[in-house]
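Source file: start_7.pdb (PDB, C-alpha atoms)
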MODEL        1
ATOM      1  CA  MET A  19     -28.203 -13.472  32.815  1.00  0.00           C
ATOM      2  CA  GLN A  20     -25.312 -13.111  30.438  1.00  0.00           C
ATOM      3  CA  LEU A  21     -24.570  -9.925  28.638  1.00  0.00           C
ATOM      4  CA  LEU A  22     -23.186 -10.102  25.174  1.00  0.00           C
ATOM      5  CA  TYR A  23     -21.101  -7.207  24.003  1.00  0.00           C
ATOM      6  CA  ILE A  24     -20.578  -6.827  20.315  1.00  0.00           C
ATOM      7  CA  ALA A  25     -17.704  -4.603  19.349  1.00  0.00           C
ATOM      8  CA  SER A  26     -17.938  -2.980  16.001  1.00  0.00           C
ATOM      9  CA  ILE A  27     -14.763  -3.199  14.032  1.00  0.00           C
ATOM     10  CA  ASN A  28     -13.839   0.164  12.672  1.00  0.00           C
ATOM     11  CA  GLN A  29     -11.786  -0.548   9.600  1.00  0.00           C
ATOM     12  CA  THR A  30     -10.125   2.679   8.660  1.00  0.00           C
ATOM     13  CA  ILE A  31      -8.734   2.980   5.203  1.00  0.00           C
ATOM     14  CA  MET A  32      -5.749   5.178   4.501  1.00  0.00           C
ATOM     15  CA  LYS A  33      -5.219   6.406   0.965  1.00  0.00           C
ATOM     16  CA  VAL A  34      -1.593   6.588  -0.108  1.00  0.00           C
ATOM     17  CA  ASN A  35      -0.243   8.212  -3.248  1.00  0.00           C
ATOM     18  CA  LEU A  36       2.947   6.468  -4.383  1.00  0.00           C
ATOM     19  CA  LEU A  37       4.896   9.223  -6.112  1.00  0.00           C
ATOM     20  CA  SER A  38       8.132   7.711  -7.385  1.00  0.00           C
ATOM     21  CA  CYS A  39      10.810   5.110  -6.800  1.00  0.00           C
ATOM     22  CA  ASP A  40      14.328   6.454  -6.302  1.00  0.00           C
ATOM     23  CA  ALA A  41      16.156   3.116  -6.195  1.00  0.00           C
ATOM     24  CA  GLN A  42      18.994   2.742  -8.695  1.00  0.00           C
ATOM     25  CA  ARG A  43      17.828  -0.731  -9.638  1.00  0.00           C
ATOM     26  CA  PRO A  44      14.240  -1.134  -8.419  1.00  0.00           C
ATOM     27  CA  ASP A  45      13.065  -4.682  -7.733  1.00  0.00           C
ATOM     28  CA  LYS A  46       9.800  -4.854  -9.688  1.00  0.00           C
ATOM     29  CA  ARG A  47       8.680  -8.116  -8.120  1.00  0.00           C
ATOM     30  CA  ALA A  48       9.331  -6.879  -4.573  1.00  0.00           C
ATOM     31  CA  ILE A  49       7.443  -3.652  -5.235  1.00  0.00           C
ATOM     32  CA  ALA A  50       4.486  -5.483  -6.802  1.00  0.00           C
ATOM     33  CA  ARG A  51       4.413  -8.000  -3.957  1.00  0.00           C
ATOM     34  CA  CYS A  52       4.487  -5.159  -1.407  1.00  0.00           C
ATOM     35  CA  ILE A  53       1.627  -3.311  -3.112  1.00  0.00           C
ATOM     36  CA  ALA A  54      -0.455  -6.511  -3.322  1.00  0.00           C
ATOM     37  CA  GLU A  55       0.143  -7.328   0.361  1.00  0.00           C
ATOM     38  CA  VAL A  56      -0.610  -3.908   1.846  1.00  0.00           C
ATOM     39  CA  SER A  57      -3.381  -2.700  -0.448  1.00  0.00           C
ATOM     40  CA  SER A  58      -6.910  -3.589   0.529  1.00  0.00           C
ATOM     41  CA  THR A  59      -8.215  -3.425  -3.047  1.00  0.00           C
ATOM     42  CA  THR A  60      -5.367  -4.743  -5.194  1.00  0.00           C
ATOM     43  CA  ASN A  61      -4.690  -8.252  -6.461  1.00  0.00           C
ATOM     44  CA  ASP A  62      -1.369  -9.555  -7.850  1.00  0.00           C
ATOM     45  CA  SER A  63      -1.970  -8.673 -11.502  1.00  0.00           C
ATOM     46  CA  LEU A  64      -3.176  -5.157 -10.702  1.00  0.00           C
ATOM     47  CA  ALA A  65      -0.190  -4.685  -8.376  1.00  0.00           C
ATOM     48  CA  ALA A  66       2.146  -5.606 -11.248  1.00  0.00           C
ATOM     49  CA  GLU A  67       0.436  -3.062 -13.520  1.00  0.00           C
ATOM     50  CA  LEU A  68       0.627  -0.373 -10.833  1.00  0.00           C
ATOM     51  CA  THR A  69       4.319  -1.135 -10.350  1.00  0.00           C
ATOM     52  CA  ASP A  70       4.969  -0.631 -14.056  1.00  0.00           C
ATOM     53  CA  ILE A  71       3.109   2.686 -13.948  1.00  0.00           C
ATOM     54  CA  LEU A  72       5.068   3.790 -10.879  1.00  0.00           C
ATOM     55  CA  LEU A  73       8.421   2.870 -12.407  1.00  0.00           C
ATOM     56  CA  GLU A  74       7.529   4.751 -15.606  1.00  0.00           C
ATOM     57  CA  GLY A  75       7.289   7.894 -13.485  1.00  0.00           C
ATOM     58  CA  ASP A  76       3.564   8.312 -12.857  1.00  0.00           C
ATOM     59  CA  ALA A  77       1.986   8.452  -9.410  1.00  0.00           C
ATOM     60  CA  VAL A  78      -0.225   5.597  -8.201  1.00  0.00           C
ATOM     61  CA  ASP A  79      -3.033   5.757  -5.603  1.00  0.00           C
ATOM     62  CA  ILE A  80      -3.687   2.764  -3.353  1.00  0.00           C
ATOM     63  CA  GLU A  81      -5.792   2.103  -0.261  1.00  0.00           C
ATOM     64  CA  VAL A  82      -4.195   0.578   2.836  1.00  0.00           C
ATOM     65  CA  GLU A  83      -6.123  -0.798   5.808  1.00  0.00           C
ATOM     66  CA  GLY A  84      -5.413   1.090   9.014  1.00  0.00           C
ATOM     67  CA  LYS A  85      -3.970  -1.950  10.779  1.00  0.00           C
ATOM     68  CA  ASN A  86      -1.359  -2.341   8.014  1.00  0.00           C
ATOM     69  CA  SER A  87      -0.481   1.321   7.618  1.00  0.00           C
ATOM     70  CA  GLY A  88       2.686   1.423   9.727  1.00  0.00           C
ATOM     71  CA  SER A  89       4.248  -1.642   8.162  1.00  0.00           C
ATOM     72  CA  ALA A  90       3.182  -0.514   4.690  1.00  0.00           C
ATOM     73  CA  LEU A  91       4.904   2.856   5.046  1.00  0.00           C
ATOM     74  CA  ARG A  92       8.075   1.186   6.357  1.00  0.00           C
ATOM     75  CA  ALA A  93       8.040  -1.205   3.395  1.00  0.00           C
ATOM     76  CA  PHE A  94       7.688   1.687   0.940  1.00  0.00           C
ATOM     77  CA  ARG A  95      10.636   3.490   2.517  1.00  0.00           C
ATOM     78  CA  LYS A  96      12.723   0.309   2.387  1.00  0.00           C
ATOM     79  CA  LEU A  97      11.972  -0.006  -1.343  1.00  0.00           C
ATOM     80  CA  SER A  98      12.919   3.687  -1.864  1.00  0.00           C
ATOM     81  CA  ILE A  99       9.363   4.647  -2.793  1.00  0.00           C
ATOM     82  CA  ASP A 100       8.356   8.249  -2.125  1.00  0.00           C
ATOM     83  CA  TYR A 101       4.753   8.547  -0.998  1.00  0.00           C
ATOM     84  CA  GLU A 102       2.222  10.942   0.447  1.00  0.00           C
ATOM     85  CA  ILE A 103      -0.780  10.196   2.613  1.00  0.00           C
ATOM     86  CA  ILE A 104      -4.078  11.449   1.202  1.00  0.00           C
ATOM     87  CA  GLU A 105      -6.933  12.314   3.533  1.00  0.00           C
TER
ENDMDL
END
Just give me the structure of the file as structure tokens.
Amino acid sequence: MQLLYIASINQTIMKVNLLSCDAQRPDKRAIARCIAEVSSTTNDSLAAELTDILLEGDAVDIEVEGKNSGSALRAFRKLSIDYEIIE
């Protein structure tokens, strides 16, 4: 008799508030690409719009999958983006 174990995948979502970008010359394409890659609910065109909003000085909320959270936060720091984690 074989036993079959089914593991449920617990996909945790972390909400991140991108506050501002302090880079002297921010790379819009790199920021948009980063947002599109790490966000679980954002496509390329929405990421470009969110980047414009962020660079105009307004905060942007995104959702990041738990498995991508560490690399996402490192990428934001590398792009000089200030952020806060929302519960």
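With all atoms listed in the file as the basis for measurement, A:Cys39 is the residue among A:Ile103, A:Cys39, A:Val56, A:Leu91 that approaches Ile71 (chain A) most closely.
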Might you pull out every residue within 9 Å of Asp100 (chain A), with all atoms listed in the file counted and same-chain residues fewer than 4 positions away left off, and present them as a list in words?
->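 These residues fall inside the cut-off: Asn35, Leu36, Leu37, Ser38, Cys39, Asp40, Phe94 and Arg95 of chain A.
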Quick one: write out the picked residues with C-alpha atoms as a PDB file, in the frame of the given file?
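As written to disk, selection24.pdb reads:
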ATOM      1  CA  ASN A  35      -0.243   8.212  -3.248  1.00  0.00           C
ATOM      2  CA  LEU A  36       2.947   6.468  -4.383  1.00  0.00           C
ATOM      3  CA  LEU A  37       4.896   9.223  -6.112  1.00  0.00           C
ATOM      4  CA  SER A  38       8.132   7.711  -7.385  1.00  0.00           C
ATOM      5  CA  CYS A  39      10.810   5.110  -6.800  1.00  0.00           C
ATOM      6  CA  ASP A  40      14.328   6.454  -6.302  1.00  0.00           C
ATOM      7  CA  PHE A  94       7.688   1.687   0.940  1.00  0.00           C
ATOM      8  CA  ARG A  95      10.636   3.490   2.517  1.00  0.00           C
TER       9      ARG A  95
END
Show me, as AutoDock Vina command-line options, the centre and edge lengths in Å to one decimal of the axis-aligned box that covers every listed atom of region 61-68 of chain A with 3 Å on each side.
--center_x -1.3 --center_y -5.0 --center_z -10.0 --size_x 12.8 --size_y 15.2 --size_z 13.1
Spatial neighbours of Ile49 (chain A), max dist 12 Å, all atoms listed in the file, sep filter under 3 positions, as a PyMOL selection string | chain A and resi 36+38-39+41+43-46+52-57+62+65-73+90+93-99
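For the pair CA of Arg47 (chain A) and CA of Gly88 (chain A), the interatomic distance is 21.1 Å.
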Could you give me, as number ranges by chain, the residues within 10 Å of Lys85 (chain A), counting only C-alpha atoms and dropping anything in the same chain fewer than 4 positions from it?
-> A: 29-32, 56, 89-90
Expressed in Å to a single decimal, how great is the separation between CA of Asn61 (chain A) and CA of Val82 (chain A)?
-> 12.8 Å
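One finds CA of Ser58 (chain A) at 17.2 Å from CA of Glu102 (chain A).
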